[in-house]
Amino acid sequence: MRILIVDDEIKLAMSLKRGLKEYGFGVSIALDAATARKLIEYGGINLVILETSLPDVNGYELCRDIRAQNSQLPIIILTAQGTIESKLAGFDAGTDDYIVKPFEFSELLVRIKASIKRSYWSYEPGLAESTQLTMGDLTLDLRKKTVNRAGNKQINVTPREFAILEYFLRNQGTVLSREEIAQNVWDMPIGVGANLLNVYINSLRKKIDKDFDTKLIHTRKGIGFVMKE
């Protein structure tokens with residue numbers, strides 16, 4: 001399992017490399033976007049840890065380019081930019097997770113393991129009679145990993161957003177607490193990323209609800225979320 005660290009802060013990158021190698025990961029380092037692109041093109045990269053402030057290209061742009069080439073490669077943005085606007089920009093670009101510096105290595109490790117598990121998880125035969133989940137004009141294809149609404153309008157979502165949306169669709173009409181979503185979608189306690197979950201939900205709403213008259217994701221104040229027409 002090889003991780004690519006894209007960060008021009010060499011001391012941090014080397015520190016992360018040493019820490020991750022202790023847990024059995026192979027690690028490559030790219031100090032700029034050009035090198036990162038070459039390493040990804042060569043193949044063998046299973047996860048990318050990406051800083052948004054790079055010397056040659058904005059990290060969000062690189063994230064978008066990676067996602068366009070590989071919809072399933074897990075990407076974790078690791079940056080000092082911690083505003084909600086920055087996080088939304090990251091998720092719009094296609095990142096699976098967003099961690100703000102300074103950070104705890106133990107939390108990063110949990111996020112890495114969750115992202116890898118989510119990326120390589122396969123559905124059990126017979127889990128559903130159909131390979132598609134639907135609600136109204138929204139269709140989620142479990143095999144193609146695509147989301148469509150209103151016929152042929154394809155909506156680009158990250159792997160984590162896809163997992164959340166699938167969980168919603170498998171529990172249509174049920175009010176789901178933040179704890180349920182966090183534990184069932186990526187095996188993380190809600191305390192690790194309560195605010196981050198809200199960012200994911202806001203990002204999903206922007207993608208699947210904003211431009212449509214019928215809203216599907218609803219908030220139950222003080223309880224959680226429910227997906228219904």
# chains A, B, ... in the order shown; residues from 1 in each chain; ligands from 1

$ select_by_dssp --residues "region 5-115 of chain A" --states "alpha helix (DSSP H)" --output "PyMOL selection string"
chain A and resi 10-22+33-42+59-69+84-93+105-115

$ select_by_dssp --residues "region 3-79 of chain A" --states "strand (DSSP E)" --output "PyMOL selection string"
chain A and resi 3-6+26-30+47-50+75-79

$ residues_around --residues "region 57-62 of chain A" --least-positions-apart "5" --cutoff "10 Å" --atoms "only C-alpha atoms" --output "list in words"
Val6, Asp7, Asp32, Ala33, Ala34, Ala36, Arg37, Leu50, Glu51, Thr52, Arg67, Ala68, Ile77, Thr79, Ser86, Ala89, Gly90, Phe91, Asp92, Ala93, Gly94 and Thr95 of chain A

$ write_last_selection --atoms "all heavy atoms" --output "short mmCIF file (atom, residue, chain, number, x, y, z; two decimals), in the first residue's frame"
data_model
loop_
_atom_site.label_atom_id
_atom_site.label_comp_id
_atom_site.auth_asym_id
_atom_site.auth_seq_id
_atom_site.Cartn_x
_atom_site.Cartn_y
_atom_site.Cartn_z
N VAL A 6 2.10 15.02 -1.11
CA VAL A 6 2.38 16.17 -1.98
C VAL A 6 2.43 17.42 -1.11
O VAL A 6 1.39 17.96 -0.73
CB VAL A 6 1.32 16.32 -3.08
CG1 VAL A 6 1.74 17.39 -4.09
CG2 VAL A 6 1.07 14.99 -3.80
N ASP A 7 3.63 17.86 -0.79
CA ASP A 7 3.80 18.99 0.14
C ASP A 7 5.21 19.53 -0.04
O ASP A 7 6.17 18.76 -0.03
CB ASP A 7 3.58 18.52 1.58
CG ASP A 7 3.32 19.68 2.53
OD1 ASP A 7 3.94 20.75 2.35
OD2 ASP A 7 2.50 19.52 3.46
N ASP A 32 6.08 19.23 -5.55
CA ASP A 32 5.29 20.10 -6.42
C ASP A 32 4.28 19.27 -7.21
O ASP A 32 4.34 18.03 -7.22
CB ASP A 32 6.18 20.91 -7.35
CG ASP A 32 7.14 20.03 -8.15
OD1 ASP A 32 6.70 18.98 -8.67
OD2 ASP A 32 8.33 20.39 -8.26
N ALA A 33 3.38 19.94 -7.89
CA ALA A 33 2.31 19.26 -8.62
C ALA A 33 2.84 18.49 -9.81
O ALA A 33 2.34 17.40 -10.13
CB ALA A 33 1.27 20.28 -9.08
N ALA A 34 3.86 19.02 -10.49
CA ALA A 34 4.40 18.36 -11.68
C ALA A 34 4.95 16.98 -11.32
O ALA A 34 4.70 15.99 -12.02
CB ALA A 34 5.50 19.22 -12.31
N ALA A 36 4.13 15.24 -8.67
CA ALA A 36 3.00 14.41 -8.22
C ALA A 36 2.29 13.78 -9.40
O ALA A 36 1.96 12.58 -9.38
CB ALA A 36 2.02 15.27 -7.41
N ARG A 37 2.06 14.55 -10.45
CA ARG A 37 1.38 14.02 -11.63
C ARG A 37 2.16 12.86 -12.25
O ARG A 37 1.59 11.84 -12.64
CB ARG A 37 1.17 15.13 -12.66
CG ARG A 37 0.09 16.14 -12.28
CD ARG A 37 -0.23 17.03 -13.48
NE ARG A 37 -1.33 17.93 -13.20
CZ ARG A 37 -1.20 19.20 -12.86
NH1 ARG A 37 0.01 19.73 -12.73
NH2 ARG A 37 -2.27 19.95 -12.63
N LEU A 50 -2.50 15.63 0.26
CA LEU A 50 -2.25 16.79 -0.59
C LEU A 50 -2.34 18.11 0.16
O LEU A 50 -3.35 18.40 0.81
CB LEU A 50 -3.26 16.78 -1.74
CG LEU A 50 -3.29 17.97 -2.70
CD1 LEU A 50 -1.97 18.11 -3.43
CD2 LEU A 50 -4.43 17.80 -3.70
N GLU A 51 -1.28 18.91 0.07
CA GLU A 51 -1.28 20.29 0.57
C GLU A 51 -1.86 21.19 -0.53
O GLU A 51 -1.63 20.96 -1.72
CB GLU A 51 0.14 20.72 0.93
CG GLU A 51 0.34 22.21 1.16
CD GLU A 51 -0.49 22.77 2.30
OE1 GLU A 51 -0.19 22.47 3.46
OE2 GLU A 51 -1.46 23.53 2.01
N THR A 52 -2.63 22.20 -0.14
CA THR A 52 -3.24 23.08 -1.15
C THR A 52 -2.30 24.18 -1.62
O THR A 52 -2.48 24.73 -2.70
CB THR A 52 -4.53 23.72 -0.59
OG1 THR A 52 -4.22 24.43 0.62
CG2 THR A 52 -5.56 22.64 -0.30
N ARG A 67 -8.71 13.76 -9.69
CA ARG A 67 -10.04 13.16 -9.63
C ARG A 67 -10.60 12.92 -11.04
O ARG A 67 -11.30 11.93 -11.27
CB ARG A 67 -10.99 14.08 -8.84
CG ARG A 67 -12.37 13.55 -8.65
CD ARG A 67 -12.40 12.20 -7.94
NE ARG A 67 -11.95 12.27 -6.57
CZ ARG A 67 -11.10 11.41 -6.04
NH1 ARG A 67 -10.59 10.43 -6.76
NH2 ARG A 67 -10.73 11.51 -4.78
N ALA A 68 -10.28 13.80 -11.98
CA ALA A 68 -10.76 13.62 -13.35
C ALA A 68 -10.15 12.39 -13.99
O ALA A 68 -10.78 11.72 -14.81
CB ALA A 68 -10.43 14.86 -14.18
N ILE A 77 -6.84 16.05 1.73
CA ILE A 77 -6.19 17.36 1.78
C ILE A 77 -5.72 17.61 3.21
O ILE A 77 -6.48 17.46 4.16
CB ILE A 77 -7.14 18.48 1.31
CG1 ILE A 77 -7.28 18.43 -0.22
CG2 ILE A 77 -6.65 19.85 1.75
CD1 ILE A 77 -8.17 19.51 -0.81
N THR A 79 -3.86 20.68 5.12
CA THR A 79 -3.48 22.07 4.88
C THR A 79 -3.75 22.93 6.11
O THR A 79 -4.51 22.54 7.00
CB THR A 79 -4.26 22.62 3.68
OG1 THR A 79 -3.90 23.98 3.44
CG2 THR A 79 -5.76 22.55 3.92
N SER A 86 -12.69 27.18 2.41
CA SER A 86 -11.58 26.36 1.94
C SER A 86 -11.97 24.89 1.89
O SER A 86 -11.64 24.17 0.94
CB SER A 86 -10.35 26.55 2.84
OG SER A 86 -9.90 27.88 2.82
N ALA A 89 -14.24 24.27 -0.98
CA ALA A 89 -13.47 24.28 -2.22
C ALA A 89 -12.77 22.94 -2.41
O ALA A 89 -12.68 22.42 -3.54
CB ALA A 89 -12.45 25.42 -2.20
N GLY A 90 -12.28 22.37 -1.32
CA GLY A 90 -11.62 21.08 -1.38
C GLY A 90 -12.57 19.97 -1.79
O GLY A 90 -12.24 19.15 -2.66
N PHE A 91 -13.75 19.95 -1.20
CA PHE A 91 -14.72 18.91 -1.55
C PHE A 91 -15.26 19.10 -2.96
O PHE A 91 -15.52 18.14 -3.67
CB PHE A 91 -15.85 18.88 -0.52
CG PHE A 91 -15.40 18.34 0.81
CD1 PHE A 91 -15.43 19.14 1.94
CD2 PHE A 91 -14.93 17.05 0.93
CE1 PHE A 91 -15.01 18.66 3.16
CE2 PHE A 91 -14.50 16.55 2.14
CZ PHE A 91 -14.53 17.36 3.27
N ASP A 92 -15.41 20.35 -3.38
CA ASP A 92 -15.83 20.61 -4.76
C ASP A 92 -14.78 20.11 -5.75
O ASP A 92 -15.11 19.67 -6.85
CB ASP A 92 -16.06 22.11 -4.98
CG ASP A 92 -17.37 22.59 -4.39
OD1 ASP A 92 -18.24 21.74 -4.12
OD2 ASP A 92 -17.53 23.81 -4.19
N ALA A 93 -13.51 20.18 -5.33
CA ALA A 93 -12.41 19.72 -6.19
C ALA A 93 -12.33 18.20 -6.24
O ALA A 93 -11.69 17.64 -7.13
CB ALA A 93 -11.09 20.31 -5.72
N GLY A 94 -12.95 17.54 -5.24
CA GLY A 94 -12.99 16.09 -5.28
C GLY A 94 -12.27 15.37 -4.17
O GLY A 94 -12.11 14.15 -4.23
N THR A 95 -11.81 16.09 -3.14
CA THR A 95 -11.13 15.40 -2.05
C THR A 95 -12.10 14.53 -1.26
O THR A 95 -13.29 14.80 -1.20
CB THR A 95 -10.44 16.39 -1.10
OG1 THR A 95 -9.60 15.67 -0.19
CG2 THR A 95 -11.45 17.20 -0.30
#

$ closest_residue --among "A:Glu9, A:Glu22, A:Asp209, A:Glu107" --to "Ile155 (chain A)" --atoms "only C-alpha atoms"
A:Asp209

$ atom_distance --atom1 "CA of Glu166 (chain A)" --atom2 "CA of Asn148 (chain A)"
12.8 Å

$ closest_residue --among "A:Pro55, A:Ala114, A:Lys206, A:Glu41" --to "Gln183 (chain A)" --atoms "only C-alpha atoms"
A:Ala114

$ residues_around --residues "region 130-138 of chain A" --least-positions-apart "2" --cutoff "6 Å" --atoms "only C-alpha atoms" --output "PyMOL selection string"
chain A and resi 128+140-142+148-150

$ decode --residues "region 62-73 of chain A" --atoms "N, CA, C and O atoms" --output "CSV table (one decimal), in the first residue's frame"
chain,number,residue,atom,x,y,z
A,62,LEU,N,-4.9,20.7,-8.6
A,62,LEU,CA,-4.3,19.4,-8.7
A,62,LEU,C,-5.2,18.3,-8.3
A,62,LEU,O,-5.4,17.2,-8.9
A,63,CYS,N,-6.0,18.5,-7.2
A,63,CYS,CA,-7.0,17.6,-6.7
A,63,CYS,C,-8.0,17.4,-7.8
A,63,CYS,O,-8.4,16.2,-8.1
A,64,ARG,N,-8.4,18.4,-8.5
A,64,ARG,CA,-9.5,18.3,-9.5
A,64,ARG,C,-8.9,17.5,-10.7
A,64,ARG,O,-9.6,16.6,-11.3
A,65,ASP,N,-7.7,17.7,-11.0
A,65,ASP,CA,-7.1,16.9,-12.1
A,65,ASP,C,-6.9,15.5,-11.8
A,65,ASP,O,-7.2,14.6,-12.7
A,66,ILE,N,-6.5,15.2,-10.6
A,66,ILE,CA,-6.3,13.8,-10.2
A,66,ILE,C,-7.7,13.1,-10.2
A,66,ILE,O,-7.8,12.0,-10.7
A,67,ARG,N,-8.7,13.8,-9.7
A,67,ARG,CA,-10.0,13.2,-9.6
A,67,ARG,C,-10.6,12.9,-11.0
A,67,ARG,O,-11.3,11.9,-11.3
A,68,ALA,N,-10.3,13.8,-12.0
A,68,ALA,CA,-10.8,13.6,-13.3
A,68,ALA,C,-10.1,12.4,-14.0
A,68,ALA,O,-10.8,11.7,-14.8
A,69,GLN,N,-8.9,12.1,-13.6
A,69,GLN,CA,-8.2,10.9,-14.2
A,69,GLN,C,-8.6,9.6,-13.4
A,69,GLN,O,-8.6,8.5,-14.0
A,70,ASN,N,-8.9,9.7,-12.1
A,70,ASN,CA,-9.1,8.5,-11.3
A,70,ASN,C,-10.2,8.8,-10.3
A,70,ASN,O,-9.9,9.5,-9.3
A,71,SER,N,-11.4,8.4,-10.5
A,71,SER,CA,-12.5,8.7,-9.6
A,71,SER,C,-12.4,8.0,-8.3
A,71,SER,O,-13.1,8.4,-7.3
A,72,GLN,N,-11.6,6.9,-8.2
A,72,GLN,CA,-11.6,6.1,-7.0
A,72,GLN,C,-10.4,6.3,-6.1
A,72,GLN,O,-10.3,5.8,-5.0
A,73,LEU,N,-9.3,7.0,-6.6
A,73,LEU,CA,-8.1,7.1,-5.8
A,73,LEU,C,-8.4,8.0,-4.6
A,73,LEU,O,-8.8,9.2,-4.8
